[in-house]
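Reproduced below: coords.cif, with mmCIF, C-alpha atoms and all ligand atoms.
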```cif
data_work
#
loop_
_atom_site.label_atom_id
_atom_site.label_comp_id
_atom_site.auth_asym_id
_atom_site.auth_seq_id
_atom_site.Cartn_x
_atom_site.Cartn_y
_atom_site.Cartn_z
CA MET A 1249 -46.44 0.35 13.08
CA LYS A 1250 -45.91 2.82 15.96
CA THR A 1251 -43.65 5.86 15.67
CA ILE A 1252 -41.53 6.54 18.73
CA LEU A 1253 -39.92 9.89 19.47
CA VAL A 1254 -36.48 9.24 20.97
CA THR A 1255 -35.11 12.35 22.67
CA GLY A 1256 -31.33 12.38 22.99
CA GLY A 1257 -31.28 9.60 20.42
CA ALA A 1258 -27.71 10.32 19.27
CA GLY A 1259 -26.36 9.78 22.79
CA TYR A 1260 -24.78 6.62 24.15
CA ILE A 1261 -27.89 4.78 25.35
CA GLY A 1262 -30.27 6.55 22.95
CA SER A 1263 -28.40 5.48 19.81
CA HIS A 1264 -28.33 1.82 20.90
CA THR A 1265 -32.02 2.04 21.76
CA CYS A 1266 -32.86 3.49 18.32
CA LEU A 1267 -31.22 0.41 16.83
CA ALA A 1268 -33.21 -1.92 19.11
CA LEU A 1269 -36.49 -0.11 18.38
CA LEU A 1270 -35.91 -0.30 14.62
CA GLY A 1271 -35.05 -3.99 14.99
CA ALA A 1272 -38.31 -4.51 16.89
CA GLY A 1273 -40.35 -2.94 14.08
CA TYR A 1274 -40.94 0.58 15.42
CA ARG A 1275 -40.46 3.73 13.37
CA VAL A 1276 -38.05 6.15 15.05
CA VAL A 1277 -37.88 9.94 15.16
CA VAL A 1278 -34.94 11.52 17.02
CA ALA A 1279 -35.00 14.97 18.66
CA GLU A 1280 -31.47 16.12 19.48
CA SER A 1281 -29.36 19.20 20.16
CA PHE A 1282 -26.04 17.29 19.81
CA GLN A 1283 -24.79 19.05 22.92
CA ASN A 1284 -23.22 15.78 24.03
CA SER A 1285 -23.22 13.68 20.87
CA LYS A 1286 -22.50 13.67 17.15
CA PRO A 1287 -24.68 13.25 14.05
CA GLU A 1288 -22.44 10.39 12.96
CA ALA A 1289 -24.00 8.19 15.67
CA LEU A 1290 -27.36 8.51 13.90
CA ARG A 1291 -25.85 7.88 10.50
CA ARG A 1292 -24.47 4.62 11.90
CA VAL A 1293 -27.86 3.67 13.36
CA GLN A 1294 -29.19 3.92 9.81
CA GLU A 1295 -26.20 2.06 8.39
CA LEU A 1296 -26.61 -0.86 10.82
CA SER A 1297 -30.40 -1.05 10.68
CA GLY A 1298 -30.75 -0.38 6.95
CA LYS A 1299 -33.70 1.85 7.91
CA GLU A 1300 -34.37 5.54 7.76
CA ILE A 1301 -35.04 7.54 10.88
CA GLY A 1302 -36.79 10.89 11.20
CA PHE A 1303 -34.79 13.72 12.70
CA ALA A 1304 -35.52 17.10 14.28
CA ALA A 1305 -32.70 19.38 15.45
CA CYS A 1306 -34.19 20.54 18.73
CA ASP A 1307 -33.19 21.94 22.08
CA LEU A 1308 -35.83 20.46 24.35
CA ARG A 1309 -35.57 23.41 26.72
CA ASN A 1310 -37.24 25.45 23.99
CA LYS A 1311 -41.00 24.89 24.10
CA ALA A 1312 -41.61 26.10 20.54
CA GLU A 1313 -38.99 23.74 19.16
CA VAL A 1314 -40.56 20.80 21.00
CA GLU A 1315 -44.03 21.75 19.69
CA ASP A 1316 -42.57 21.84 16.19
CA VAL A 1317 -41.31 18.24 16.49
CA PHE A 1318 -44.81 17.03 17.41
CA ASP A 1319 -46.33 19.08 14.59
CA ARG A 1320 -43.96 17.66 11.99
CA PHE A 1321 -44.17 14.00 12.92
CA SER A 1322 -47.07 11.80 13.97
CA ILE A 1323 -45.81 10.43 17.29
CA ASP A 1324 -47.32 7.49 19.21
CA GLY A 1325 -44.95 7.38 22.18
CA VAL A 1326 -41.84 8.96 23.66
CA VAL A 1327 -38.61 7.49 25.02
CA HIS A 1328 -36.93 10.35 26.86
CA PHE A 1329 -33.13 10.14 27.15
CA ALA A 1330 -32.15 13.76 26.59
CA GLY A 1331 -30.54 15.25 29.64
CA LEU A 1332 -27.34 16.15 31.38
CA LYS A 1333 -25.76 13.33 33.37
CA ALA A 1334 -22.40 14.27 34.92
CA VAL A 1335 -22.66 14.08 38.70
CA GLY A 1336 -19.67 16.35 39.46
CA GLU A 1337 -20.78 18.98 36.95
CA SER A 1338 -24.28 18.99 38.48
CA VAL A 1339 -22.77 20.02 41.83
CA VAL A 1340 -20.99 22.96 40.17
CA LYS A 1341 -23.88 24.00 37.88
CA PRO A 1342 -27.09 22.90 39.63
CA LEU A 1343 -29.36 25.43 37.93
CA TRP A 1344 -28.19 24.31 34.52
CA TYR A 1345 -28.99 20.71 35.45
CA TYR A 1346 -32.42 21.44 36.91
CA GLU A 1347 -33.36 23.70 34.02
CA ASN A 1348 -32.19 21.35 31.29
CA ASN A 1349 -33.50 18.15 32.80
CA LEU A 1350 -36.83 19.42 34.13
CA SER A 1351 -37.93 21.82 31.39
CA SER A 1352 -37.49 19.16 28.69
CA THR A 1353 -39.85 16.87 30.55
CA PHE A 1354 -42.46 19.63 31.06
CA HIS A 1355 -42.44 20.52 27.37
CA LEU A 1356 -42.75 16.91 26.27
CA LEU A 1357 -45.65 16.21 28.65
CA ASN A 1358 -47.50 19.36 27.60
CA CYS A 1359 -47.16 18.45 23.92
CA MET A 1360 -48.26 14.88 24.61
CA GLU A 1361 -51.28 15.93 26.67
CA LYS A 1362 -52.41 18.35 23.97
CA ARG A 1363 -52.29 15.63 21.33
CA GLY A 1364 -53.55 12.67 23.38
CA ILE A 1365 -50.26 10.72 23.26
CA HIS A 1366 -50.07 8.31 26.19
CA LEU A 1367 -46.84 6.30 26.10
CA PHE A 1368 -43.74 7.57 27.92
CA VAL A 1369 -40.54 5.77 28.88
CA PHE A 1370 -38.20 7.70 31.13
CA SER A 1371 -34.44 7.30 31.70
CA SER A 1372 -34.04 7.30 35.43
CA SER A 1373 -31.05 6.10 37.36
CA ALA A 1374 -29.97 3.99 40.32
CA THR A 1375 -28.62 7.27 41.61
CA VAL A 1376 -32.15 7.98 42.99
CA TYR A 1377 -31.45 5.40 45.74
CA GLY A 1378 -28.41 7.32 47.02
CA ASP A 1379 -26.43 5.14 49.44
CA PRO A 1380 -28.72 2.15 50.06
CA ASP A 1381 -28.86 0.44 53.45
CA THR A 1382 -28.69 -3.02 51.88
CA VAL A 1383 -28.20 -4.70 48.50
CA PRO A 1384 -29.59 -5.91 46.15
CA ILE A 1385 -31.63 -2.75 45.63
CA ARG A 1386 -35.37 -3.16 45.10
CA GLU A 1387 -37.63 -0.53 43.56
CA ASP A 1388 -39.42 0.06 46.89
CA PHE A 1389 -36.20 1.11 48.66
CA PRO A 1390 -36.05 4.69 50.02
CA LEU A 1391 -35.26 7.36 47.43
CA LYS A 1392 -32.54 9.69 48.75
CA PRO A 1393 -30.27 11.00 45.99
CA ILE A 1394 -27.21 12.88 47.17
CA ASN A 1395 -26.43 15.29 44.31
CA PRO A 1396 -28.33 17.70 42.03
CA TYR A 1397 -28.20 15.29 39.08
CA GLY A 1398 -29.83 12.55 41.16
CA ARG A 1399 -32.37 14.96 42.61
CA SER A 1400 -33.27 16.16 39.11
CA LYS A 1401 -34.02 12.51 38.21
CA LEU A 1402 -36.14 12.01 41.31
CA MET A 1403 -38.04 15.26 40.65
CA GLN A 1404 -38.81 14.09 37.13
CA GLU A 1405 -40.01 10.74 38.49
CA GLU A 1406 -42.33 12.61 40.88
CA ILE A 1407 -43.64 14.93 38.14
CA LEU A 1408 -44.36 11.91 35.92
CA SER A 1409 -46.05 10.08 38.77
CA ASP A 1410 -48.29 13.06 39.63
CA PHE A 1411 -49.14 13.55 35.97
CA GLN A 1412 -50.03 9.86 35.61
CA LYS A 1413 -52.31 10.01 38.65
CA SER A 1414 -54.16 12.95 37.12
CA ARG A 1415 -54.45 11.29 33.70
CA PRO A 1416 -55.28 7.57 34.05
CA GLU A 1417 -54.87 7.09 30.28
CA PHE A 1418 -51.20 8.17 30.53
CA ARG A 1419 -48.83 5.20 30.70
CA VAL A 1420 -45.31 5.67 31.96
CA ALA A 1421 -42.28 3.47 32.68
CA LEU A 1422 -39.58 4.79 35.01
CA LEU A 1423 -36.46 2.79 34.19
CA ARG A 1424 -33.69 3.02 36.77
CA TYR A 1425 -30.46 2.08 35.03
CA PHE A 1426 -27.52 0.77 36.99
CA ASN A 1427 -24.10 1.15 35.30
CA PRO A 1428 -24.42 1.06 31.49
CA ALA A 1429 -21.33 -0.31 29.73
CA GLY A 1430 -20.32 -2.01 26.48
CA ALA A 1431 -21.08 -1.16 22.88
CA ASP A 1432 -22.92 -2.56 19.89
CA ARG A 1433 -21.52 -5.97 18.86
CA SER A 1434 -20.57 -4.54 15.43
CA GLY A 1435 -17.97 -2.15 16.90
CA ARG A 1436 -19.58 0.67 14.86
CA MET A 1437 -21.39 2.28 17.80
CA GLY A 1438 -20.33 2.91 21.37
CA GLU A 1439 -19.80 5.46 24.10
CA ASN A 1440 -18.16 8.68 22.89
CA PRO A 1441 -17.41 10.81 25.95
CA ASN A 1442 -16.40 14.43 25.61
CA GLY A 1443 -12.99 15.07 27.17
CA ILE A 1444 -11.86 13.05 30.17
CA PRO A 1445 -14.34 10.23 30.86
CA ASN A 1446 -16.08 10.36 34.26
CA ASN A 1447 -17.07 6.72 34.21
CA LEU A 1448 -14.97 3.64 34.75
CA MET A 1449 -15.47 1.67 31.54
CA PRO A 1450 -14.72 4.44 29.02
CA TYR A 1451 -11.72 5.45 31.10
CA ILE A 1452 -10.32 1.91 31.13
CA ALA A 1453 -10.94 1.67 27.36
CA GLN A 1454 -8.95 4.88 26.75
CA VAL A 1455 -6.08 3.56 28.85
CA ALA A 1456 -6.12 0.29 26.88
CA VAL A 1457 -5.96 2.10 23.54
CA GLY A 1458 -3.11 4.33 24.74
CA LYS A 1459 -4.99 7.65 25.02
CA ARG A 1460 -4.48 7.83 28.80
CA ALA A 1461 -1.49 6.67 30.77
CA LYS A 1462 -3.18 4.96 33.69
CA LEU A 1463 -6.40 4.49 35.57
CA SER A 1464 -6.90 6.15 38.95
CA VAL A 1465 -8.67 3.67 41.20
CA PHE A 1466 -10.80 5.74 43.56
CA GLY A 1467 -10.30 4.07 46.94
CA LYS A 1468 -9.13 0.64 48.08
CA ASP A 1469 -10.48 0.84 51.62
CA TYR A 1470 -14.15 0.12 51.00
CA PRO A 1471 -15.75 -2.75 52.93
CA THR A 1472 -15.64 -5.04 49.85
CA PRO A 1473 -13.52 -8.19 49.22
CA ASP A 1474 -10.73 -6.30 47.37
CA GLY A 1475 -11.43 -2.87 48.89
CA THR A 1476 -12.65 -1.26 45.63
CA GLY A 1477 -16.19 -0.14 44.79
CA ILE A 1478 -18.71 -2.66 43.49
CA ARG A 1479 -21.26 -1.83 40.77
CA ASP A 1480 -23.83 -3.56 38.60
CA TYR A 1481 -22.55 -3.08 35.03
CA ILE A 1482 -25.20 -3.68 32.39
CA HIS A 1483 -24.56 -4.10 28.67
CA VAL A 1484 -25.98 -1.17 26.69
CA THR A 1485 -27.60 -3.60 24.22
CA ASP A 1486 -29.46 -5.30 27.09
CA LEU A 1487 -30.43 -1.87 28.34
CA ALA A 1488 -31.70 -0.90 24.88
CA GLU A 1489 -33.81 -4.08 24.76
CA GLY A 1490 -35.16 -3.10 28.20
CA HIS A 1491 -36.75 -0.03 26.57
CA VAL A 1492 -38.41 -2.12 23.87
CA ALA A 1493 -39.73 -4.44 26.59
CA ALA A 1494 -41.00 -1.44 28.59
CA LEU A 1495 -42.88 -0.06 25.58
CA ARG A 1496 -44.43 -3.46 24.90
CA CYS A 1497 -45.40 -3.68 28.57
CA LEU A 1498 -47.06 -0.23 28.45
CA GLU A 1499 -48.95 -1.24 25.32
CA GLU A 1500 -50.49 -4.08 27.38
CA ARG A 1501 -51.15 -2.42 30.74
CA SER A 1502 -52.20 0.97 32.03
CA GLY A 1503 -50.66 3.05 34.80
CA MET A 1504 -47.06 3.49 35.88
CA VAL A 1505 -44.32 0.87 36.08
CA ILE A 1506 -41.02 1.37 37.85
CA CYS A 1507 -38.21 -1.05 37.07
CA ASN A 1508 -34.55 -1.45 37.87
CA LEU A 1509 -32.48 -2.32 34.81
CA GLY A 1510 -29.41 -4.13 36.03
CA THR A 1511 -28.00 -7.65 36.02
CA GLY A 1512 -28.25 -8.37 39.76
CA ARG A 1513 -24.46 -9.01 39.96
CA GLY A 1514 -21.82 -6.65 41.24
CA TYR A 1515 -18.19 -6.39 40.11
CA SER A 1516 -15.37 -4.47 41.76
CA VAL A 1517 -13.18 -1.92 39.98
CA LEU A 1518 -10.25 -4.35 40.00
CA GLU A 1519 -12.41 -7.18 38.65
CA MET A 1520 -13.40 -4.88 35.78
CA VAL A 1521 -9.75 -4.01 35.12
CA ARG A 1522 -8.85 -7.71 34.93
CA ALA A 1523 -11.85 -8.50 32.69
CA PHE A 1524 -10.83 -5.70 30.31
CA GLU A 1525 -7.22 -6.88 30.22
CA LYS A 1526 -8.42 -10.36 29.29
CA ALA A 1527 -10.77 -9.06 26.56
CA SER A 1528 -8.28 -6.63 25.02
CA GLY A 1529 -4.97 -8.42 25.54
CA ARG A 1530 -3.64 -5.04 26.77
CA SER A 1531 -2.39 -4.27 30.24
CA ILE A 1532 -4.23 -1.53 32.17
CA PRO A 1533 -1.79 0.30 34.44
CA TYR A 1534 -3.49 1.78 37.49
CA GLU A 1535 -2.73 3.53 40.72
CA ILE A 1536 -4.71 3.55 43.93
CA CYS A 1537 -5.96 7.06 44.80
CA ALA A 1538 -8.23 8.62 47.39
CA ARG A 1539 -11.94 7.88 47.35
CA ARG A 1540 -13.98 10.07 44.99
CA PRO A 1541 -16.33 12.26 47.04
CA GLY A 1542 -19.93 11.05 46.88
CA ASP A 1543 -19.05 7.48 45.82
CA ILE A 1544 -20.68 4.58 47.63
CA ALA A 1545 -19.16 1.17 48.38
CA VAL A 1546 -21.60 -1.27 46.83
CA CYS A 1547 -24.54 -0.91 44.45
CA TYR A 1548 -26.36 -3.63 42.56
CA ALA A 1549 -29.91 -4.26 41.51
CA ASP A 1550 -32.62 -6.71 42.21
CA PRO A 1551 -33.81 -6.74 38.57
CA SER A 1552 -36.58 -9.32 39.09
CA ARG A 1553 -39.50 -6.90 38.77
CA ALA A 1554 -38.59 -6.03 35.17
CA GLU A 1555 -38.63 -9.73 34.30
CA THR A 1556 -41.97 -10.29 36.02
CA LEU A 1557 -43.62 -7.31 34.36
CA SER A 1558 -42.08 -7.34 30.90
CA GLY A 1559 -40.15 -10.60 30.50
CA TRP A 1560 -36.92 -8.61 30.16
CA LYS A 1561 -33.68 -9.74 31.70
CA ALA A 1562 -30.03 -9.00 30.97
CA ARG A 1563 -28.42 -11.67 28.76
CA LEU A 1564 -24.86 -10.36 28.48
CA GLY A 1565 -22.09 -10.33 31.07
CA VAL A 1566 -18.95 -8.34 31.83
CA ASP A 1567 -16.84 -10.33 29.36
CA ASP A 1568 -19.26 -9.32 26.59
CA MET A 1569 -19.17 -5.69 27.78
CA CYS A 1570 -15.37 -5.62 27.77
CA ARG A 1571 -15.10 -7.39 24.38
CA ASP A 1572 -17.57 -5.00 22.75
CA THR A 1573 -16.13 -1.87 24.37
CA TRP A 1574 -12.68 -2.89 23.18
CA ASN A 1575 -13.96 -3.65 19.70
CA TRP A 1576 -15.54 -0.16 19.52
CA GLN A 1577 -12.61 1.69 21.14
CA SER A 1578 -9.89 -0.02 19.07
CA GLN A 1579 -11.79 0.56 15.78
CA ASN A 1580 -12.73 4.16 16.74
CA PRO A 1581 -9.93 5.42 19.00
CA ASP A 1582 -11.15 9.01 18.67
CA GLY A 1583 -14.84 8.16 18.79
CA TYR A 1584 -17.19 9.41 16.10
CA PRO A 1585 -15.77 11.85 13.55
CA ASP A 1586 -16.68 15.50 13.97
CA GLU A 1587 -18.01 16.44 10.54
CA PRO A 1588 -21.79 16.82 10.43
CA THR A 1589 -22.03 14.15 7.74
CA TRP A 1590 -25.64 13.34 8.57
CA LYS A 1591 -28.52 15.75 8.24
CA GLY A 1592 -31.43 13.39 8.87
CA SER A 1593 -34.78 12.99 7.28
CA GLU A 1594 -37.35 15.72 7.90
CA LYS A 1595 -40.23 13.38 7.10
CA LEU A 1596 -40.91 9.70 7.69
P1 LIG B 1 -25.61 11.03 26.56
O1 LIG B 1 -25.10 12.34 27.04
O2 LIG B 1 -24.73 10.20 25.71
O3 LIG B 1 -26.99 11.24 25.78
C1 LIG B 1 -27.89 12.27 26.11
C2 LIG B 1 -28.27 12.97 24.80
O4 LIG B 1 -29.21 14.00 25.09
C3 LIG B 1 -27.07 13.63 24.12
O5 LIG B 1 -27.03 13.18 22.78
C4 LIG B 1 -27.35 15.12 24.21
O6 LIG B 1 -26.88 15.81 23.09
C5 LIG B 1 -28.87 15.14 24.30
N1 LIG B 1 -29.40 16.31 25.01
C6 LIG B 1 -29.06 16.76 26.24
N2 LIG B 1 -29.76 17.86 26.55
C7 LIG B 1 -30.58 18.11 25.48
C8 LIG B 1 -31.54 19.10 25.18
N3 LIG B 1 -31.81 20.09 26.04
N4 LIG B 1 -32.18 19.05 24.00
C9 LIG B 1 -31.92 18.07 23.11
N5 LIG B 1 -31.02 17.09 23.33
C10 LIG B 1 -30.34 17.12 24.50
O7 LIG B 1 -26.10 10.23 27.84
P2 LIG B 1 -26.50 8.70 28.00
O8 LIG B 1 -25.44 8.02 28.77
O9 LIG B 1 -26.93 8.13 26.70
O10 LIG B 1 -27.75 8.87 28.98
C11 LIG B 1 -29.06 8.95 28.48
C12 LIG B 1 -30.03 9.15 29.65
O11 LIG B 1 -29.86 8.09 30.57
C13 LIG B 1 -29.77 10.45 30.43
O12 LIG B 1 -31.03 10.98 30.79
C14 LIG B 1 -29.02 9.97 31.65
O13 LIG B 1 -29.25 10.81 32.76
C15 LIG B 1 -29.63 8.60 31.87
N6 LIG B 1 -28.71 7.68 32.60
C16 LIG B 1 -27.45 7.48 32.11
C17 LIG B 1 -26.59 6.64 32.81
C18 LIG B 1 -25.16 6.44 32.36
O14 LIG B 1 -24.33 6.06 33.18
N7 LIG B 1 -24.84 6.65 31.08
C19 LIG B 1 -27.04 5.98 33.97
C20 LIG B 1 -28.34 6.20 34.40
C21 LIG B 1 -29.18 7.05 33.70
C1 LIG B 2 -17.85 3.05 38.94
C2 LIG B 2 -16.80 2.64 39.94
C3 LIG B 2 -15.74 4.50 41.04
C4 LIG B 2 -13.80 6.07 37.45
C5 LIG B 2 -22.20 7.05 37.82
C6 LIG B 2 -23.24 8.02 38.31
C7 LIG B 2 -24.59 7.38 38.28
C8 LIG B 2 -24.90 6.77 36.92
C9 LIG B 2 -23.80 5.90 36.43
C10 LIG B 2 -26.14 8.32 35.60
C11 LIG B 2 -16.84 3.46 41.24
C12 LIG B 2 -14.73 3.74 40.20
C13 LIG B 2 -14.54 5.32 38.32
C14 LIG B 2 -12.38 6.10 37.58
C15 LIG B 2 -12.57 4.58 39.43
N1 LIG B 2 -25.05 7.79 35.91
N2 LIG B 2 -13.93 4.57 39.30
N3 LIG B 2 -11.83 5.35 38.57
O1 LIG B 2 -20.15 6.40 40.07
O2 LIG B 2 -21.24 4.09 39.97
O3 LIG B 2 -22.20 5.94 38.70
O4 LIG B 2 -22.55 6.60 36.51
O5 LIG B 2 -27.21 8.18 36.09
O6 LIG B 2 -25.50 8.38 38.62
O7 LIG B 2 -22.91 8.41 39.64
O8 LIG B 2 -20.07 5.01 37.94
O9 LIG B 2 -18.36 4.47 36.27
O10 LIG B 2 -18.18 6.63 37.58
O11 LIG B 2 -17.77 4.47 38.74
O12 LIG B 2 -12.01 3.93 40.33
O13 LIG B 2 -11.67 6.80 36.84
O14 LIG B 2 -15.50 2.88 39.39
O15 LIG B 2 -15.16 4.94 42.24
O16 LIG B 2 -16.51 2.59 42.28
P1 LIG B 2 -20.86 5.37 39.31
P2 LIG B 2 -18.56 5.20 37.54
#
```

Could you write out this structure as structure tokens?
Amino acid sequence: MKTILVTGGAGYIGSHTCLALLGAGYRVVVAESFQNSKPEALRRVQELSGKEIGFAACDLRNKAEVEDVFDRFSIDGVVHFAGLKAVGESVVKPLWYYENNLSSTFHLLNCMEKRGIHLFVFSSSATVYGDPDTVPIREDFPLKPINPYGRSKLMQEEILSDFQKSRPEFRVALLRYFNPAGADRSGRMGENPNGIPNNLMPYIAQVAVGKRAKLSVFGKDYPTPDGTGIRDYIHVTDLAEGHVAALRCLEERSGMVICNLGTGRGYSVLEMVRAFEKASGRSIPYEICARRPGDIAVCYADPSRAETLSGWKARLGVDDMCRDTWNWQSQNPDGYPDEPTWKGSEKL
């Protein structure tokens, strides 16, 4: 049984992926600083899986702390989620973004190289494509991110690619996520944004539950059928399974794989509002506002390469995403509780 180090494992996508990895028979060790998450997420991973996970409190910017994780646990592969992800904040604090996102990757790779660990799955983003000339977006499209967050993702992709070329035994999957949404079917785990949500789905969910008065729809003059932006929303459980499929794929083949993880279908902001109203039975008041700077009109994936290489494809649709987000949000209107109720296991 392989042991996988999941960095940022208490975060939104990381916590769902821990659950999927445990379900697929992997052992899981999480390295986390909780700078954008809560220990309760990991307690719930254990509750839902009925399995224990290893835990190391760790700021991945700190080389000694990362070394310590690899010394304490016997790791076979790494799924690297930890990072900062808010586009607007990355414009205001670019150094913080570059330092946090790049140094973590350096430290992990150095530790892996030293110990002969060869499996690495990286959280990249559709943001590396910037504003594409056409859709659906294929992996060989030009890479031209338009903000520091996106550039930090592209730089990490390039570092990983160069490292792989220099070490043929190193196997890496670059997974470019489209728009993650939804929550675990149980309603016990979901997205738990700090403060005002930046993204559409958590914002809609907070309007539905009465925490926010109305949604601001950023622009109704895009060249789309209803004038609002179109995105490829992918259920977080499908995304989590995409990581299991990527690991399995790397166990079978050497080299680097680059895959879009999306559904291949785009939905507009207003279509998402209507789908959420249907799923929740609540009305979502909204007002049309100016475009948000840096937003593009249409973005959706060609996800066929992931299916060809790993057999993975998204199974769930927007109705599932809205149902599960509502289930999570209505059962946990304030997200995860604050108390550090979970300390984690120092050994596995
Ligand atoms: P998240 O903020 O919920 O999770 C990231 C986790 O990493 C958090 O738990 C945070 O505490 C931890 N972390 C951050 N910096 C750390 C550090 N220096 N040391 C230790 N832990 C640290 O974010 P998410 O939505 O789960 O995203 C996970 C990954 O996927 C990120 O790399 C993000 O850039 C990428 N991604 C996210 C989206 C999205 O829309 N959610 C889309 C594409 C790619
Ligand atoms: C979706 C649509 C908005 C909020 C971002 C990052 C990207 C990736 C995923 C990490 C757009 C509209 C939104 C609101 C709105 N993250 N919207 N009102 O911008 O596609 O992608 O998250 O890698 O890098 O840029 O996602 O959910 O913010 O927006 O009208 O309050 O909803 O204009 O059309 P986006 P989003």

**OP:** Would you mind listing what lies within 8 Å of segment 1552-1566 of chain A as an MDAnalysis selection string, with only C-alpha atoms counted and same-chain residues fewer than 6 positions away left out?
**Re:** chainID A and resid 1481:1483 1486:1487 1489:1490 1493:1494 1496:1497 1507:1511 1520 1523

Selection: 10 Å around Gly1583 of chain A, only C-alpha atoms, excl. self and same-chain fewer than 5 positions, as a short mmCIF file (atom, residue, chain, number, x, y, z; two decimals) with C-alpha atoms, in the frame of the given file:
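selection05.cif was written with the following content:
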```
data_model
loop_
_atom_site.label_atom_id
_atom_site.label_comp_id
_atom_site.auth_asym_id
_atom_site.auth_seq_id
_atom_site.Cartn_x
_atom_site.Cartn_y
_atom_site.Cartn_z
CA LYS A 1286 -22.50 13.67 17.15
CA GLU A 1288 -22.44 10.39 12.96
CA ALA A 1289 -24.00 8.19 15.67
CA ARG A 1436 -19.58 0.67 14.86
CA MET A 1437 -21.39 2.28 17.80
CA GLY A 1438 -20.33 2.91 21.37
CA GLU A 1439 -19.80 5.46 24.10
CA ASN A 1440 -18.16 8.68 22.89
CA PRO A 1441 -17.41 10.81 25.95
CA ASN A 1442 -16.40 14.43 25.61
CA TRP A 1576 -15.54 -0.16 19.52
CA GLN A 1577 -12.61 1.69 21.14
CA SER A 1578 -9.89 -0.02 19.07
#
```

Please, which residues in chain A fall within 9 Å of ligand LIG 1 (chain B) when counting all atoms listed in the file, and what is the closest atom pair and distance in Å to one decimal for each, ordered by chain then residue number, as a Markdown table?
```
| residue | atom | partner | partner_atom | distance |
| --- | --- | --- | --- | --- |
| A:Thr1255 | CA | B:LIG1 | N5 | 6.3 |
| A:Gly1256 | CA | B:LIG1 | O4 | 3.4 |
| A:Gly1257 | CA | B:LIG1 | O5 | 6.0 |
| A:Ala1258 | CA | B:LIG1 | O5 | 4.6 |
| A:Gly1259 | CA | B:LIG1 | O2 | 3.4 |
| A:Tyr1260 | CA | B:LIG1 | O9 | 3.7 |
| A:Ile1261 | CA | B:LIG1 | O9 | 3.7 |
| A:Gly1262 | CA | B:LIG1 | O9 | 5.3 |
| A:Ser1263 | CA | B:LIG1 | O9 | 7.5 |
| A:His1264 | CA | B:LIG1 | O9 | 8.7 |
| A:Ala1279 | CA | B:LIG1 | C9 | 6.2 |
| A:Glu1280 | CA | B:LIG1 | N5 | 4.0 |
| A:Ser1281 | CA | B:LIG1 | C9 | 4.1 |
| A:Phe1282 | CA | B:LIG1 | O6 | 3.7 |
| A:Gln1283 | CA | B:LIG1 | O6 | 3.9 |
| A:Asn1284 | CA | B:LIG1 | O6 | 3.8 |
| A:Ser1285 | CA | B:LIG1 | O5 | 4.3 |
| A:Lys1286 | CA | B:LIG1 | O5 | 7.2 |
| A:Ala1305 | CA | B:LIG1 | C9 | 7.8 |
| A:Cys1306 | CA | B:LIG1 | C9 | 5.5 |
| A:Asp1307 | CA | B:LIG1 | N4 | 3.6 |
| A:Leu1308 | CA | B:LIG1 | N4 | 3.9 |
| A:Arg1309 | CA | B:LIG1 | N3 | 5.1 |
| A:Asn1310 | CA | B:LIG1 | N3 | 7.9 |
| A:His1328 | CA | B:LIG1 | O12 | 7.1 |
| A:Phe1329 | CA | B:LIG1 | C12 | 4.1 |
| A:Ala1330 | CA | B:LIG1 | O4 | 3.3 |
| A:Gly1331 | CA | B:LIG1 | C6 | 4.0 |
| A:Leu1332 | CA | B:LIG1 | C6 | 5.5 |
| A:Lys1333 | CA | B:LIG1 | O13 | 4.3 |
| A:Ala1334 | CA | B:LIG1 | O13 | 8.0 |
| A:Glu1347 | CA | B:LIG1 | N3 | 8.9 |
| A:Asn1348 | CA | B:LIG1 | N3 | 5.4 |
| A:Asn1349 | CA | B:LIG1 | N3 | 7.2 |
| A:Ser1351 | CA | B:LIG1 | N3 | 8.3 |
| A:Ser1352 | CA | B:LIG1 | N3 | 6.3 |
| A:Phe1370 | CA | B:LIG1 | O12 | 7.9 |
| A:Ser1371 | CA | B:LIG1 | O11 | 4.8 |
| A:Ser1372 | CA | B:LIG1 | C21 | 5.2 |
| A:Ser1373 | CA | B:LIG1 | C20 | 4.0 |
| A:Ala1374 | CA | B:LIG1 | C20 | 6.5 |
| A:Thr1375 | CA | B:LIG1 | C20 | 7.3 |
| A:Tyr1397 | CA | B:LIG1 | O13 | 7.8 |
| A:Gly1398 | CA | B:LIG1 | O13 | 8.6 |
| A:Lys1401 | CA | B:LIG1 | O13 | 7.4 |
| A:Leu1423 | CA | B:LIG1 | C21 | 8.4 |
| A:Arg1424 | CA | B:LIG1 | C20 | 6.7 |
| A:Tyr1425 | CA | B:LIG1 | C20 | 4.7 |
| A:Phe1426 | CA | B:LIG1 | C19 | 6.0 |
| A:Asn1427 | CA | B:LIG1 | O14 | 5.4 |
| A:Pro1428 | CA | B:LIG1 | O14 | 5.3 |
| A:Ala1429 | CA | B:LIG1 | O14 | 7.8 |
| A:Glu1439 | CA | B:LIG1 | O2 | 7.0 |
| A:Asn1440 | CA | B:LIG1 | O2 | 7.3 |
| A:Pro1441 | CA | B:LIG1 | O2 | 7.3 |
| A:Asn1447 | CA | B:LIG1 | O14 | 7.4 |
```

Contacts of chain A with ligand LIG 2 (chain B) up to 6 Å, shortest pair per row, only C-alpha atoms and all ligand atoms, as a tab-separated table:
```
residue	atom	partner	partner_atom	distance
A:Lys1333	CA	B:LIG2	C10	5.5
A:Val1335	CA	B:LIG2	O7	5.8
A:Ser1373	CA	B:LIG2	O5	4.5
A:Thr1375	CA	B:LIG2	O6	4.5
A:Asn1427	CA	B:LIG2	C9	4.9
A:Asn1446	CA	B:LIG2	O10	5.4
A:Asn1447	CA	B:LIG2	O9	3.3
A:Leu1448	CA	B:LIG2	O9	3.8
A:Tyr1451	CA	B:LIG2	O13	5.9
A:Leu1463	CA	B:LIG2	O13	5.9
A:Ser1464	CA	B:LIG2	N3	5.0
A:Val1465	CA	B:LIG2	O12	3.5
A:Phe1466	CA	B:LIG2	O12	3.9
A:Gly1477	CA	B:LIG2	O16	3.7
A:Ile1478	CA	B:LIG2	O16	5.8
A:Arg1479	CA	B:LIG2	O2	6.0
A:Val1517	CA	B:LIG2	O14	5.4
A:Arg1540	CA	B:LIG2	O15	5.9
A:Asp1543	CA	B:LIG2	O15	5.9
```
